[in-house]
file protein-v2.tsv (TSV, C-alpha atoms and all ligand atoms)
chain	number	residue	atom	x	y	z
A	66	MET	CA	58.87	172.06	102.31
A	67	ALA	CA	62.48	170.82	102.21
A	68	THR	CA	63.01	167.24	103.40
A	69	THR	CA	64.68	166.73	106.76
A	70	PRO	CA	68.35	165.75	106.39
A	71	LYS	CA	69.17	162.26	107.65
A	72	TRP	CA	70.58	162.10	111.15
A	73	ILE	CA	73.50	159.69	110.78
A	74	MET	CA	76.49	159.28	113.05
A	75	VAL	CA	80.06	160.34	112.19
A	76	GLY	CA	81.51	157.27	110.42
A	77	GLY	CA	84.89	155.58	110.42
A	78	GLU	CA	86.93	154.63	113.47
A	79	GLY	CA	88.86	157.90	113.94
A	80	PRO	CA	89.03	159.94	117.17
A	81	GLU	CA	85.87	161.89	116.26
A	82	SER	CA	83.84	158.90	115.06
A	83	TYR	CA	80.68	157.57	116.68
A	84	ASN	CA	82.42	154.20	116.77
A	85	GLN	CA	84.99	155.61	119.24
A	86	ASN	CA	82.59	157.88	121.14
A	87	SER	CA	79.53	155.83	122.00
A	88	SER	CA	80.40	154.15	125.29
A	89	TYR	CA	77.49	156.02	126.90
A	90	GLN	CA	75.00	154.31	124.59
A	91	ARG	CA	76.78	150.96	125.14
A	92	ALA	CA	76.60	151.31	128.92
A	93	LEU	CA	72.81	150.96	128.82
A	94	LEU	CA	73.07	147.63	126.99
A	95	GLU	CA	75.48	146.43	129.64
A	96	ALA	CA	73.38	147.69	132.54
A	97	ALA	CA	70.21	146.11	131.15
A	98	LYS	CA	71.76	142.81	130.04
A	99	GLU	CA	70.48	140.70	132.91
A	100	LYS	CA	66.95	142.09	132.75
A	101	MET	CA	66.93	141.56	128.98
A	102	SER	CA	68.07	137.92	129.34
A	103	GLU	CA	65.37	137.29	131.96
A	104	ALA	CA	62.75	138.78	129.62
A	105	ILE	CA	63.86	136.59	126.71
A	106	LYS	CA	63.79	133.54	128.97
A	107	ALA	CA	60.30	134.33	130.24
A	108	LYS	CA	58.60	135.88	127.21
A	109	LEU	CA	60.01	134.14	124.14
A	110	SER	CA	58.30	130.88	123.33
A	111	LEU	CA	60.66	127.91	122.94
A	112	ASP	CA	58.63	126.97	119.85
A	113	LEU	CA	60.25	129.89	118.02
A	114	ILE	CA	63.79	128.61	118.55
A	115	TYR	CA	64.51	126.06	115.83
A	116	ASP	CA	66.59	125.80	112.60
A	117	ARG	CA	67.09	129.49	111.76
A	118	PHE	CA	66.73	132.33	114.24
A	119	SER	CA	66.89	135.94	113.04
A	120	VAL	CA	67.76	139.03	115.06
A	121	ALA	CA	67.41	142.53	113.58
A	122	ASP	CA	68.96	145.75	114.90
A	123	PHE	CA	67.27	148.96	113.74
A	124	GLY	CA	69.49	152.08	113.71
A	125	CYS	CA	72.68	150.03	114.16
A	126	ALA	CA	75.20	152.81	113.26
A	127	SER	CA	78.76	151.72	112.46
A	128	GLY	CA	79.46	149.67	115.58
A	129	PRO	CA	80.59	148.50	117.99
A	130	ASN	CA	77.47	148.79	120.20
A	131	THR	CA	75.29	146.87	117.80
A	132	PHE	CA	77.59	143.85	118.16
A	133	VAL	CA	77.07	143.96	121.93
A	134	ALA	CA	73.30	144.26	121.51
A	135	VAL	CA	72.94	141.32	119.13
A	136	GLN	CA	75.44	139.10	120.97
A	137	ASN	CA	73.60	139.62	124.27
A	138	ILE	CA	70.38	138.55	122.56
A	139	ILE	CA	71.96	135.49	120.94
A	140	ASP	CA	73.56	134.46	124.26
A	141	ALA	CA	70.17	134.70	125.99
A	142	VAL	CA	68.40	132.70	123.26
A	143	GLU	CA	71.10	130.00	123.28
A	144	ASP	CA	70.99	129.83	127.06
A	145	LYS	CA	67.23	129.39	127.07
A	146	TYR	CA	67.44	126.69	124.40
A	147	ARG	CA	70.22	124.82	126.21
A	148	LYS	CA	68.42	124.88	129.58
A	149	GLU	CA	64.98	124.00	128.27
A	150	THR	CA	65.91	121.30	125.73
A	151	GLY	CA	69.17	119.96	127.13
A	152	GLN	CA	70.56	120.26	123.58
A	153	ASN	CA	73.49	122.17	122.15
A	154	PRO	CA	72.24	125.24	120.21
A	155	ALA	CA	75.42	125.28	118.11
A	156	GLU	CA	74.37	121.96	116.56
A	157	ASN	CA	70.76	122.85	115.88
A	158	ILE	CA	70.30	126.60	115.42
A	159	GLU	CA	71.77	128.94	112.82
A	160	PHE	CA	71.59	132.64	113.67
A	161	GLN	CA	71.19	135.45	111.19
A	162	VAL	CA	71.69	139.12	112.13
A	163	LEU	CA	70.11	141.89	110.07
A	164	PHE	CA	71.76	145.28	110.52
A	165	ASN	CA	69.50	148.21	109.61
A	166	ASP	CA	70.30	151.90	109.24
A	167	PHE	CA	70.00	154.69	106.65
A	168	THR	CA	71.66	153.94	103.30
A	169	THR	CA	74.22	156.67	104.09
A	170	ASN	CA	75.28	155.01	107.36
A	171	ASP	CA	78.89	153.82	107.37
A	172	PHE	CA	78.13	150.14	106.69
A	173	ASN	CA	81.73	149.60	105.48
A	174	THR	CA	83.16	150.29	108.93
A	175	LEU	CA	80.40	148.16	110.45
A	176	PHE	CA	81.09	145.10	108.31
A	177	GLN	CA	84.87	145.48	108.46
A	178	SER	CA	84.72	145.35	112.25
A	179	LEU	CA	82.37	142.37	112.64
A	180	PRO	CA	83.62	140.44	115.70
A	181	ALA	CA	85.88	137.49	114.97
A	182	GLY	CA	84.48	134.16	116.14
A	183	ARG	CA	80.84	135.30	115.94
A	184	ARG	CA	78.32	132.53	115.49
A	185	TYR	CA	75.96	134.33	113.14
A	186	TYR	CA	75.54	135.22	109.48
A	187	SER	CA	75.17	138.95	108.74
A	188	ALA	CA	73.30	141.09	106.27
A	189	GLY	CA	72.81	144.82	105.86
A	190	VAL	CA	69.29	146.22	105.60
A	191	PRO	CA	69.47	149.78	104.29
A	192	GLY	CA	66.54	152.14	104.63
A	193	SER	CA	64.53	154.20	107.08
A	194	PHE	CA	63.00	152.26	109.93
A	195	PHE	CA	59.89	154.41	109.50
A	196	GLU	CA	58.94	152.10	106.65
A	197	ARG	CA	58.99	148.39	105.93
A	198	VAL	CA	62.57	147.25	105.30
A	199	LEU	CA	62.12	143.47	105.61
A	200	PRO	CA	59.67	140.82	104.35
A	201	LYS	CA	56.71	139.76	106.48
A	202	GLU	CA	57.47	137.54	109.47
A	203	SER	CA	61.20	137.50	108.76
A	204	PHE	CA	62.78	137.93	112.20
A	205	HIS	CA	62.26	136.71	115.76
A	206	ILE	CA	63.75	139.43	117.96
A	207	GLY	CA	64.29	143.07	117.01
A	208	VAL	CA	66.28	145.61	118.95
A	209	ILE	CA	66.55	149.40	118.91
A	210	ASN	CA	69.22	151.04	121.05
A	211	TYR	CA	69.12	154.84	121.42
A	212	ALA	CA	67.21	155.40	118.22
A	213	PHE	CA	63.59	155.43	119.40
A	214	HIS	CA	63.71	159.20	119.95
A	215	PHE	CA	63.88	160.29	116.31
A	216	THR	CA	61.04	161.72	114.26
A	217	SER	CA	60.89	161.15	110.51
A	218	LYS	CA	60.81	164.89	109.85
A	219	ILE	CA	60.81	168.26	111.57
A	220	PRO	CA	57.22	168.78	112.76
A	221	LYS	CA	55.01	171.17	110.82
A	222	GLY	CA	55.40	174.86	111.66
A	223	ILE	CA	58.48	174.36	113.84
A	224	THR	CA	60.89	176.19	111.53
A	225	ASP	CA	58.40	178.75	110.23
A	226	ARG	CA	58.73	182.12	111.98
A	227	ASP	CA	55.09	182.95	111.20
A	228	SER	CA	53.67	179.78	112.71
A	229	PRO	CA	52.33	179.63	116.30
A	230	SER	CA	54.50	176.53	116.77
A	231	TRP	CA	57.70	178.22	115.55
A	232	ASN	CA	60.55	176.96	117.70
A	233	ARG	CA	63.15	179.50	118.71
A	234	ASP	CA	65.24	176.66	120.17
A	235	MET	CA	66.86	173.86	118.23
A	236	HIS	CA	64.99	171.10	120.05
A	237	CYS	CA	61.83	170.56	122.05
A	238	THR	CA	62.82	172.10	125.39
A	239	GLY	CA	59.39	171.36	126.86
A	240	PHE	CA	58.68	174.97	127.84
A	241	ASN	CA	56.59	176.04	124.84
A	242	LYS	CA	53.22	174.22	124.75
A	243	ALA	CA	52.61	174.65	121.01
A	244	VAL	CA	56.08	173.39	120.18
A	245	LYS	CA	55.73	170.44	122.53
A	246	LYS	CA	52.39	169.52	120.95
A	247	ALA	CA	53.80	169.71	117.41
A	248	TYR	CA	56.71	167.45	118.37
A	249	LEU	CA	54.54	165.00	120.30
A	250	ASP	CA	52.03	164.74	117.42
A	251	GLN	CA	54.82	164.05	114.92
A	252	TYR	CA	56.56	161.60	117.25
A	253	SER	CA	53.35	159.68	118.02
A	254	ALA	CA	52.51	159.31	114.33
A	255	ASP	CA	56.07	158.19	113.48
A	256	ALA	CA	56.43	155.79	116.39
A	257	LYS	CA	53.15	154.12	115.44
A	258	ILE	CA	54.35	153.72	111.83
A	259	LEU	CA	57.60	152.22	113.13
A	260	LEU	CA	55.72	149.80	115.40
A	261	ASP	CA	53.36	148.78	112.57
A	262	ALA	CA	56.29	148.07	110.25
A	263	ARG	CA	58.08	145.98	112.89
A	264	ALA	CA	54.88	144.11	113.76
A	265	ASP	CA	54.50	143.14	110.09
A	266	GLU	CA	58.13	142.01	109.88
A	267	LEU	CA	58.21	140.04	113.16
A	268	VAL	CA	57.07	136.45	113.44
A	269	PRO	CA	53.96	136.03	115.67
A	270	GLY	CA	55.07	136.00	119.31
A	271	GLY	CA	58.39	137.67	118.38
A	272	LEU	CA	59.89	140.34	120.63
A	273	MET	CA	60.98	143.95	120.15
A	274	LEU	CA	63.52	145.21	122.71
A	275	LEU	CA	63.66	148.99	122.99
A	276	PHE	CA	66.57	150.54	124.88
A	277	GLY	CA	66.87	154.31	125.22
A	278	SER	CA	66.13	157.48	127.14
A	279	CYS	CA	62.88	159.14	127.98
A	280	LEU	CA	61.67	161.81	130.38
A	281	ARG	CA	60.08	161.11	133.71
A	282	ASP	CA	56.49	162.38	133.66
A	283	GLY	CA	56.25	166.14	134.14
A	284	VAL	CA	59.99	166.78	133.62
A	285	LYS	CA	60.92	169.13	130.78
A	286	MET	CA	63.72	168.25	128.40
A	287	SER	CA	65.75	171.38	129.21
A	288	GLU	CA	65.68	170.49	132.90
A	289	THR	CA	67.68	167.31	132.19
A	290	SER	CA	71.37	167.02	131.36
A	291	LYS	CA	70.67	165.95	127.76
A	292	GLY	CA	68.46	169.01	127.29
A	293	ILE	CA	71.09	171.31	128.81
A	294	VAL	CA	73.64	169.92	126.35
A	295	LEU	CA	71.26	170.51	123.42
A	296	ASP	CA	70.65	174.05	124.70
A	297	ALA	CA	74.44	174.58	124.75
A	298	VAL	CA	74.66	173.54	121.09
A	299	GLY	CA	71.86	176.02	120.27
A	300	ALA	CA	73.55	178.80	122.29
A	301	SER	CA	76.83	178.19	120.40
A	302	LEU	CA	74.98	178.55	117.10
A	303	ASN	CA	73.44	181.82	118.29
A	304	ASP	CA	76.90	183.10	119.32
A	305	LEU	CA	78.16	182.39	115.81
A	306	ALA	CA	75.19	184.26	114.34
A	307	GLN	CA	75.96	187.26	116.57
A	308	GLN	CA	79.59	187.16	115.43
A	309	GLY	CA	78.31	187.26	111.84
A	310	VAL	CA	79.75	183.83	111.00
A	311	ILE	CA	76.29	182.50	110.08
A	312	GLU	CA	73.01	184.18	109.31
A	313	GLN	CA	70.53	184.42	112.18
A	314	ASP	CA	67.84	183.17	109.79
A	315	LYS	CA	69.77	180.00	109.26
A	316	VAL	CA	69.87	179.43	113.03
A	317	ASP	CA	66.20	180.34	113.49
A	318	SER	CA	65.19	177.82	110.84
A	319	PHE	CA	67.21	175.02	112.39
A	320	SER	CA	65.54	172.34	114.47
A	321	THR	CA	66.27	168.73	115.23
A	322	PRO	CA	64.14	165.65	114.47
A	323	LEU	CA	64.44	164.48	118.08
A	324	TYR	CA	61.76	163.99	120.69
A	325	PHE	CA	62.41	162.46	124.08
A	326	ALA	CA	58.94	161.37	125.18
A	327	GLU	CA	57.68	161.23	128.73
A	328	GLU	CA	57.31	157.72	130.17
A	329	SER	CA	53.49	157.83	130.07
A	330	GLU	CA	53.51	159.19	126.49
A	331	LEU	CA	55.59	156.18	125.40
A	332	LYS	CA	53.21	153.75	127.09
A	333	GLN	CA	50.20	155.48	125.53
A	334	ILE	CA	51.72	155.39	122.02
A	335	ILE	CA	52.50	151.67	122.29
A	336	GLU	CA	49.06	150.86	123.70
A	337	GLU	CA	47.25	152.93	121.06
A	338	ASN	CA	49.24	151.22	118.31
A	339	GLY	CA	47.84	147.96	119.65
A	340	ARG	CA	50.09	145.50	117.81
A	341	PHE	CA	52.22	144.57	120.85
A	342	THR	CA	51.77	143.76	124.52
A	343	ILE	CA	54.11	145.58	126.89
A	344	GLU	CA	55.84	142.73	128.71
A	345	ALA	CA	58.29	144.89	130.67
A	346	PHE	CA	58.99	148.59	131.12
A	347	GLU	CA	62.17	148.76	133.15
A	348	ASP	CA	63.87	151.78	134.66
A	349	ILE	CA	67.56	150.99	134.14
A	350	ILE	CA	70.20	152.52	136.33
A	351	HIS	CA	72.78	153.45	133.77
A	352	ALA	CA	76.28	152.25	134.58
A	353	LYS	CA	77.68	155.67	133.63
A	354	GLY	CA	75.17	157.61	135.69
A	355	GLU	CA	72.91	159.98	133.84
A	356	PHE	CA	75.78	161.63	131.98
A	357	THR	CA	79.50	162.19	132.15
A	358	LEU	CA	80.07	165.72	133.44
A	359	ASP	CA	83.42	166.21	131.73
A	360	PRO	CA	82.84	169.06	129.20
A	361	LYS	CA	85.61	167.80	126.93
A	362	VAL	CA	84.22	164.26	126.73
A	363	LEU	CA	80.69	165.62	126.31
A	364	ALA	CA	81.77	167.94	123.49
A	365	VAL	CA	83.49	165.10	121.61
A	366	SER	CA	80.53	162.77	121.95
A	367	CYS	CA	78.17	165.58	120.83
A	368	ARG	CA	80.33	165.98	117.78
A	369	ALA	CA	80.21	162.26	116.96
A	370	SER	CA	76.42	162.18	117.30
A	371	PHE	CA	75.31	165.60	115.95
A	372	GLY	CA	78.19	166.48	113.63
A	373	THR	CA	76.90	165.03	110.39
A	374	PHE	CA	73.40	166.42	110.93
A	375	LEU	CA	74.62	169.92	111.77
A	376	SER	CA	77.07	170.09	108.90
A	377	GLN	CA	74.25	169.26	106.46
A	378	HIS	CA	72.43	172.45	107.50
A	379	PHE	CA	75.33	174.81	108.21
A	380	GLY	CA	78.28	173.39	106.27
A	381	GLU	CA	81.43	171.66	107.48
A	382	GLN	CA	83.28	174.83	108.54
A	383	VAL	CA	80.52	176.15	110.76
A	384	PHE	CA	80.10	172.77	112.32
A	385	THR	CA	83.78	172.77	113.36
A	386	LYS	CA	83.42	176.28	114.83
A	387	VAL	CA	80.29	175.30	116.78
A	388	PHE	CA	82.08	172.43	118.41
A	389	ASP	CA	85.03	174.63	119.34
A	390	LEU	CA	82.56	176.74	121.36
A	391	ILE	CA	80.62	173.93	122.97
A	392	GLU	CA	83.24	172.75	125.40
A	393	ALA	CA	83.53	176.24	126.95
A	394	LYS	CA	79.73	176.59	127.01
A	395	LEU	CA	79.38	173.27	128.80
A	396	ARG	CA	82.01	174.33	131.31
A	397	GLN	CA	79.85	177.39	132.11
A	398	GLU	CA	76.82	175.11	132.39
A	399	LEU	CA	78.45	172.73	134.88
A	400	PRO	CA	76.45	174.04	137.89
A	401	ARG	CA	73.20	173.49	135.95
A	402	LEU	CA	74.37	170.09	134.75
A	403	LEU	CA	75.17	169.10	138.33
A	404	ASN	CA	71.66	170.07	139.42
A	405	ALA	CA	69.83	168.68	136.40
A	406	LYS	CA	66.66	166.65	136.95
A	407	PRO	CA	67.24	162.97	136.29
A	408	GLY	CA	66.21	161.54	132.94
A	409	MET	CA	65.24	157.92	132.60
A	410	GLN	CA	66.93	155.06	130.76
A	411	TYR	CA	64.58	152.28	129.77
A	412	LEU	CA	64.38	148.75	128.53
A	413	ILE	CA	60.94	148.12	127.05
A	414	VAL	CA	60.08	144.57	126.06
A	415	LEU	CA	57.26	144.25	123.53
A	416	ARG	CA	55.68	141.00	122.33
A	417	LYS	CA	53.92	140.90	119.01
A	418	LYS	CA	50.29	139.91	119.40
A	419	ASN	CA	49.39	136.79	117.44
B	501	LIG	C1	72.44	157.31	118.60
B	501	LIG	S1	72.69	156.25	117.25
B	501	LIG	C2	72.55	154.67	118.05
B	501	LIG	C3	73.32	153.63	117.31
B	501	LIG	C4	73.38	152.24	117.91
B	501	LIG	N1	72.06	151.65	117.98
B	501	LIG	C5	74.05	152.26	119.25
B	501	LIG	O1	73.49	151.69	120.18
B	501	LIG	O2	75.14	152.78	119.36
B	501	LIG	C6	71.18	156.35	116.33
B	501	LIG	C7	71.21	155.58	115.01
B	501	LIG	O3	69.88	155.57	114.48
B	501	LIG	C8	69.97	155.74	113.09
B	501	LIG	N2	68.69	156.25	112.58
B	501	LIG	C9	68.07	157.41	112.88
B	501	LIG	N3	66.93	157.53	112.20
B	501	LIG	C10	66.82	156.38	111.45
B	501	LIG	C11	65.84	155.91	110.54
B	501	LIG	N4	64.76	156.64	110.25
B	501	LIG	N5	66.04	154.71	109.97
B	501	LIG	C12	67.15	153.96	110.24
B	501	LIG	N6	68.11	154.37	111.11
B	501	LIG	C13	67.94	155.57	111.70
B	501	LIG	C14	71.12	156.74	112.91
B	501	LIG	O4	71.62	156.70	111.61
B	501	LIG	C15	72.09	156.22	113.96
B	501	LIG	O5	72.96	155.28	113.41
call {"tool": "encode", "arguments": {"input": "protein-v2.tsv", "output": "structure tokens"}}
result
Amino acid sequence: MATTPKWIMVGGEGPESYNQNSSYQRALLEAAKEKMSEAIKAKLSLDLIYDRFSVADFGCASGPNTFVAVQNIIDAVEDKYRKETGQNPAENIEFQVLFNDFTTNDFNTLFQSLPAGRRYYSAGVPGSFFERVLPKESFHIGVINYAFHFTSKIPKGITDRDSPSWNRDMHCTGFNKAVKKAYLDQYSADAKILLDARADELVPGGLMLLFGSCLRDGVKMSETSKGIVLDAVGASLNDLAQQGVIEQDKVDSFSTPLYFAEESELKQIIEENGRFTIEAFEDIIHAKGEFTLDPKVLAVSCRASFGTFLSQHFGEQVFTKVFDLIEAKLRQELPRLLNAKPGMQYLIVLRKKN
């Protein structure tokens, strides 16, 4: 079976880049900042804050959100240290930030745009977060923002027309039980591998902060605005197949390595993994609401997030044509988008068991 192409964001800082079209993902970090600081204050032992303190961001992309994520963490750690010791962290603690993403991520843009005046040393950590990428016990707080919904590969049978779990859609809509099971099985296995790798790499008592989106229990992906947008991408691909621009087979064999779990599925996966205690599972009211309902803005941000992945399967030209169609499709879908069931944005705070 062919390997799943890597899902990286559109690089650079141009008008179609992820860097310029990721304010939605950043809004969650902003909305959850206070809760995150409280969790660090309450759950991180002061004993861990001395000499060198390392923060790692997994799936950092090319900025600028990762800079917000790591700065918020450093601010909270410094604040805790200052209040609890009465000492100046700048004199006693050196911070190191480890930026992880696929090797093909645009690390050049990331490092060229590192914030001036930052009080941390930086290093890139290339590689898939579904494996070990750092030495044992090498960081104190890890963060993942909007990247805990990927699978390492397309689940078995999903792209095979003869399989009972063949997926006619390009994502897990939630309506086909066999498809849902195949995605959930793959996601559970991958998430547990990811948690094991991070547990090995974290110091005892270290924290993992997971920010992202999940489904409320019982809600199907295609009933939410994110699912409706994914359906619109799939419908645009089908239109192009009907126009003879691409082969229908190519569309039928296309699926995404994405799975937005239900809240209780996430809890179960973390508990079954057993390496962390769940210290907080917060429902965050996203500053931008569930989604912007401007089809133009939505189409551009889809392009920044899905563009590279789609062009790997269909080629650059098709990818441009798909995105020309999406804006109109989303305009037609506005009534459904307005009535979509709410998704859920979370901050999950995990503490590594000793
Ligand atoms: C939606 S972006 C989020 C980026 C950033 N965390 C933010 O808040 O804007 C998802 C990121 O996860 C990365 N990613 C996906 N799968 C990955 C994997 N297996 N290993 C490392 N990074 C991965 C992608 O390359 C992408 O940069």
call {"tool": "residues_around", "arguments": {"input": "protein-v2.tsv", "residues": "Ala254 in chain A", "least_positions_apart": "2", "cutoff": "12 Å", "atoms": "all atoms listed in the file", "output": "list in words"}}
result
Phe195, Phe215, Thr216, Ser217, Lys218, Pro220, Ala247, Tyr248, Leu249, Asp250, Gln251, Tyr252, Ala256, Lys257, Ile258, Leu259, Leu260, Asp261, Leu331, Ile334, Ile335, Glu337 and Asn338 of chain A
call {"tool": "closest_atom_pairs", "arguments": {"input": "protein-v2.tsv", "of": "range 187-226 of chain A", "to": "range 106-118 of chain A", "cutoff": "9 Å", "atoms": "all atoms listed in the file", "output": "CSV"}}
result
residue,atom,partner,partner_atom,distance
A:Phe204,CA,A:Phe118,CA,7.2
A:His205,CA,A:Phe118,CA,6.4
A:Ile206,CA,A:Phe118,CA,8.6
call {"tool": "write_last_selection", "arguments": {"input": "protein-v2.tsv", "atoms": "C-alpha atoms", "output": "PDB file, in the coordinates of the input"}}
result
ATOM      1  CA  PHE A 204      62.780 137.930 112.200  1.00  0.00           C
ATOM      2  CA  HIS A 205      62.260 136.710 115.760  1.00  0.00           C
ATOM      3  CA  ILE A 206      63.750 139.430 117.960  1.00  0.00           C
TER       4      ILE A 206
END
call {"tool": "closest_atom_pairs", "arguments": {"input": "protein-v2.tsv", "of": "chain A", "to": "ligand LIG 501 (chain B)", "cutoff": "9 Å", "atoms": "only C-alpha atoms and all ligand atoms", "output": "Markdown table"}}
result
| residue | atom | partner | partner_atom | distance |
| --- | --- | --- | --- | --- |
| A:Lys71 | CA | B:LIG501 | N3 | 6.9 |
| A:Trp72 | CA | B:LIG501 | O4 | 5.5 |
| A:Ile73 | CA | B:LIG501 | O4 | 3.6 |
| A:Met74 | CA | B:LIG501 | O5 | 5.3 |
| A:Val75 | CA | B:LIG501 | O5 | 8.8 |
| A:Tyr83 | CA | B:LIG501 | O2 | 7.8 |
| A:Asn84 | CA | B:LIG501 | O2 | 7.9 |
| A:Ser87 | CA | B:LIG501 | O2 | 6.0 |
| A:Ser88 | CA | B:LIG501 | O2 | 8.0 |
| A:Tyr89 | CA | B:LIG501 | O2 | 8.5 |
| A:Gln90 | CA | B:LIG501 | O1 | 5.3 |
| A:Arg91 | CA | B:LIG501 | O1 | 6.0 |
| A:Leu93 | CA | B:LIG501 | O1 | 8.7 |
| A:Leu94 | CA | B:LIG501 | O1 | 7.9 |
| A:Asp122 | CA | B:LIG501 | N1 | 7.3 |
| A:Phe123 | CA | B:LIG501 | N6 | 6.1 |
| A:Gly124 | CA | B:LIG501 | O3 | 3.6 |
| A:Cys125 | CA | B:LIG501 | N1 | 4.2 |
| A:Ala126 | CA | B:LIG501 | O5 | 3.3 |
| A:Ser127 | CA | B:LIG501 | O5 | 6.9 |
| A:Gly128 | CA | B:LIG501 | O2 | 6.5 |
| A:Pro129 | CA | B:LIG501 | O2 | 7.1 |
| A:Asn130 | CA | B:LIG501 | O2 | 4.7 |
| A:Thr131 | CA | B:LIG501 | O1 | 5.7 |
| A:Val133 | CA | B:LIG501 | O1 | 8.7 |
| A:Ala134 | CA | B:LIG501 | O1 | 7.6 |
| A:Asn165 | CA | B:LIG501 | C12 | 6.2 |
| A:Asp166 | CA | B:LIG501 | N6 | 3.8 |
| A:Phe167 | CA | B:LIG501 | C12 | 4.6 |
| A:Thr168 | CA | B:LIG501 | C12 | 8.3 |
| A:Thr169 | CA | B:LIG501 | O4 | 8.0 |
| A:Asn170 | CA | B:LIG501 | O4 | 5.9 |
| A:Asp171 | CA | B:LIG501 | O5 | 8.6 |
| A:Pro191 | CA | B:LIG501 | C12 | 7.6 |
| A:Gly192 | CA | B:LIG501 | C12 | 5.9 |
| A:Ser193 | CA | B:LIG501 | N5 | 3.3 |
| A:Phe194 | CA | B:LIG501 | N5 | 3.9 |
| A:Phe195 | CA | B:LIG501 | N4 | 5.4 |
| A:Glu196 | CA | B:LIG501 | N4 | 8.2 |
| A:Val208 | CA | B:LIG501 | N1 | 8.4 |
| A:Ile209 | CA | B:LIG501 | N1 | 6.0 |
| A:Asn210 | CA | B:LIG501 | N1 | 4.2 |
| A:Tyr211 | CA | B:LIG501 | C2 | 4.8 |
| A:Ala212 | CA | B:LIG501 | C6 | 4.5 |
| A:Phe213 | CA | B:LIG501 | O3 | 8.0 |
| A:His214 | CA | B:LIG501 | C9 | 8.5 |
| A:Phe215 | CA | B:LIG501 | N3 | 5.8 |
| A:Thr216 | CA | B:LIG501 | N4 | 7.5 |
| A:Ser217 | CA | B:LIG501 | N4 | 5.9 |
| A:Leu259 | CA | B:LIG501 | N4 | 8.9 |
| A:Phe276 | CA | B:LIG501 | O1 | 8.4 |
| A:Gly277 | CA | B:LIG501 | O1 | 8.7 |
| A:Pro322 | CA | B:LIG501 | N3 | 8.9 |
| A:Ser370 | CA | B:LIG501 | C1 | 6.4 |
call {"tool": "closest_residue", "arguments": {"input": "protein-v2.tsv", "among": "A:Gly77, A:Cys279, A:Ser366, A:Asp144", "to": "Ile105 in chain A", "atoms": "all atoms listed in the file"}}
result
A:Asp144
call {"tool": "atom_distance", "arguments": {"input": "protein-v2.tsv", "atom1": "CA of Leu358 in chain A", "atom2": "CA of Ser287 in chain A"}}
result
16.0 Å
call {"tool": "closest_residue", "arguments": {"input": "protein-v2.tsv", "among": "A:Asp296, A:Leu415, A:Arg368, A:Phe374", "to": "Leu395 in chain A", "atoms": "only C-alpha atoms"}}
result
A:Asp296
call {"tool": "atom_distance", "arguments": {"input": "protein-v2.tsv", "atom1": "CA of Gly189 in chain A", "atom2": "CA of Thr342 in chain A"}}
result
28.1 Å
call {"tool": "residues_near_point", "arguments": {"input": "protein-v2.tsv", "point": "(66.7, 139.8, 116.9)", "cutoff": "9 Å", "atoms": "only C-alpha atoms", "output": "list in words"}}
result
Phe118, Ser119, Val120, Ala121, Asp122, Val135, Ile138, Ile139, Gln161, Val162, Leu163, Phe204, His205, Ile206, Gly207, Val208, Gly271, Leu272, Met273 and Leu274 of chain A
call {"tool": "write_last_selection", "arguments": {"input": "protein-v2.tsv", "atoms": "C-alpha atoms", "output": "short mmCIF file (atom, residue, chain, number, x, y, z; two decimals), in the frame of the given file"}}
result
data_model
loop_
_atom_site.label_atom_id
_atom_site.label_comp_id
_atom_site.auth_asym_id
_atom_site.auth_seq_id
_atom_site.Cartn_x
_atom_site.Cartn_y
_atom_site.Cartn_z
CA PHE A 118 66.73 132.33 114.24
CA SER A 119 66.89 135.94 113.04
CA VAL A 120 67.76 139.03 115.06
CA ALA A 121 67.41 142.53 113.58
CA ASP A 122 68.96 145.75 114.90
CA VAL A 135 72.94 141.32 119.13
CA ILE A 138 70.38 138.55 122.56
CA ILE A 139 71.96 135.49 120.94
CA GLN A 161 71.19 135.45 111.19
CA VAL A 162 71.69 139.12 112.13
CA LEU A 163 70.11 141.89 110.07
CA PHE A 204 62.78 137.93 112.20
CA HIS A 205 62.26 136.71 115.76
CA ILE A 206 63.75 139.43 117.96
CA GLY A 207 64.29 143.07 117.01
CA VAL A 208 66.28 145.61 118.95
CA GLY A 271 58.39 137.67 118.38
CA LEU A 272 59.89 140.34 120.63
CA MET A 273 60.98 143.95 120.15
CA LEU A 274 63.52 145.21 122.71
#
call {"tool": "closest_residue", "arguments": {"input": "protein-v2.tsv", "among": "A:Gly372, A:Lys291, A:Arg281, A:Gln377", "to": "Glu330 in chain A", "atoms": "only C-alpha atoms"}}
result
A:Arg281
call {"tool": "atom_distance", "arguments": {"input": "protein-v2.tsv", "atom1": "CA of Gly292 in chain A", "atom2": "CA of Glu336 in chain A"}}
result
26.8 Å
call {"tool": "axis_aligned_box", "arguments": {"input": "protein-v2.tsv", "around": "range 263-279 of chain A", "padding_each_side": "6 Å", "output": "AutoDock Vina command-line options"}}
result
--center_x 60.4 --center_y 147.6 --center_z 118.9 --size_x 24.9 --size_y 35.1 --size_z 30.1
call {"tool": "closest_residue", "arguments": {"input": "protein-v2.tsv", "among": "A:Val244, A:Met101, A:Val268, A:Ile413", "to": "Pro229 in chain A", "atoms": "only C-alpha atoms"}}
result
A:Val244
call {"tool": "closest_residue", "arguments": {"input": "protein-v2.tsv", "among": "A:Leu363, A:Lys100, A:Met286, A:Gln177", "to": "Glu347 in chain A", "atoms": "all atoms listed in the file"}}
result
A:Lys100
call {"tool": "closest_residue", "arguments": {"input": "protein-v2.tsv", "among": "A:Ile391, A:Ala155, A:Ala97, A:Leu402", "to": "Ser290 in chain A", "atoms": "only C-alpha atoms"}}
result
A:Leu402
call {"tool": "residues_around", "arguments": {"input": "protein-v2.tsv", "residues": "Ser178 in chain A", "least_positions_apart": "2", "cutoff": "10 Å", "atoms": "only C-alpha atoms", "output": "MDAnalysis selection string"}}
result
chainID A and resid 78 127:129 132 172:176 180:181
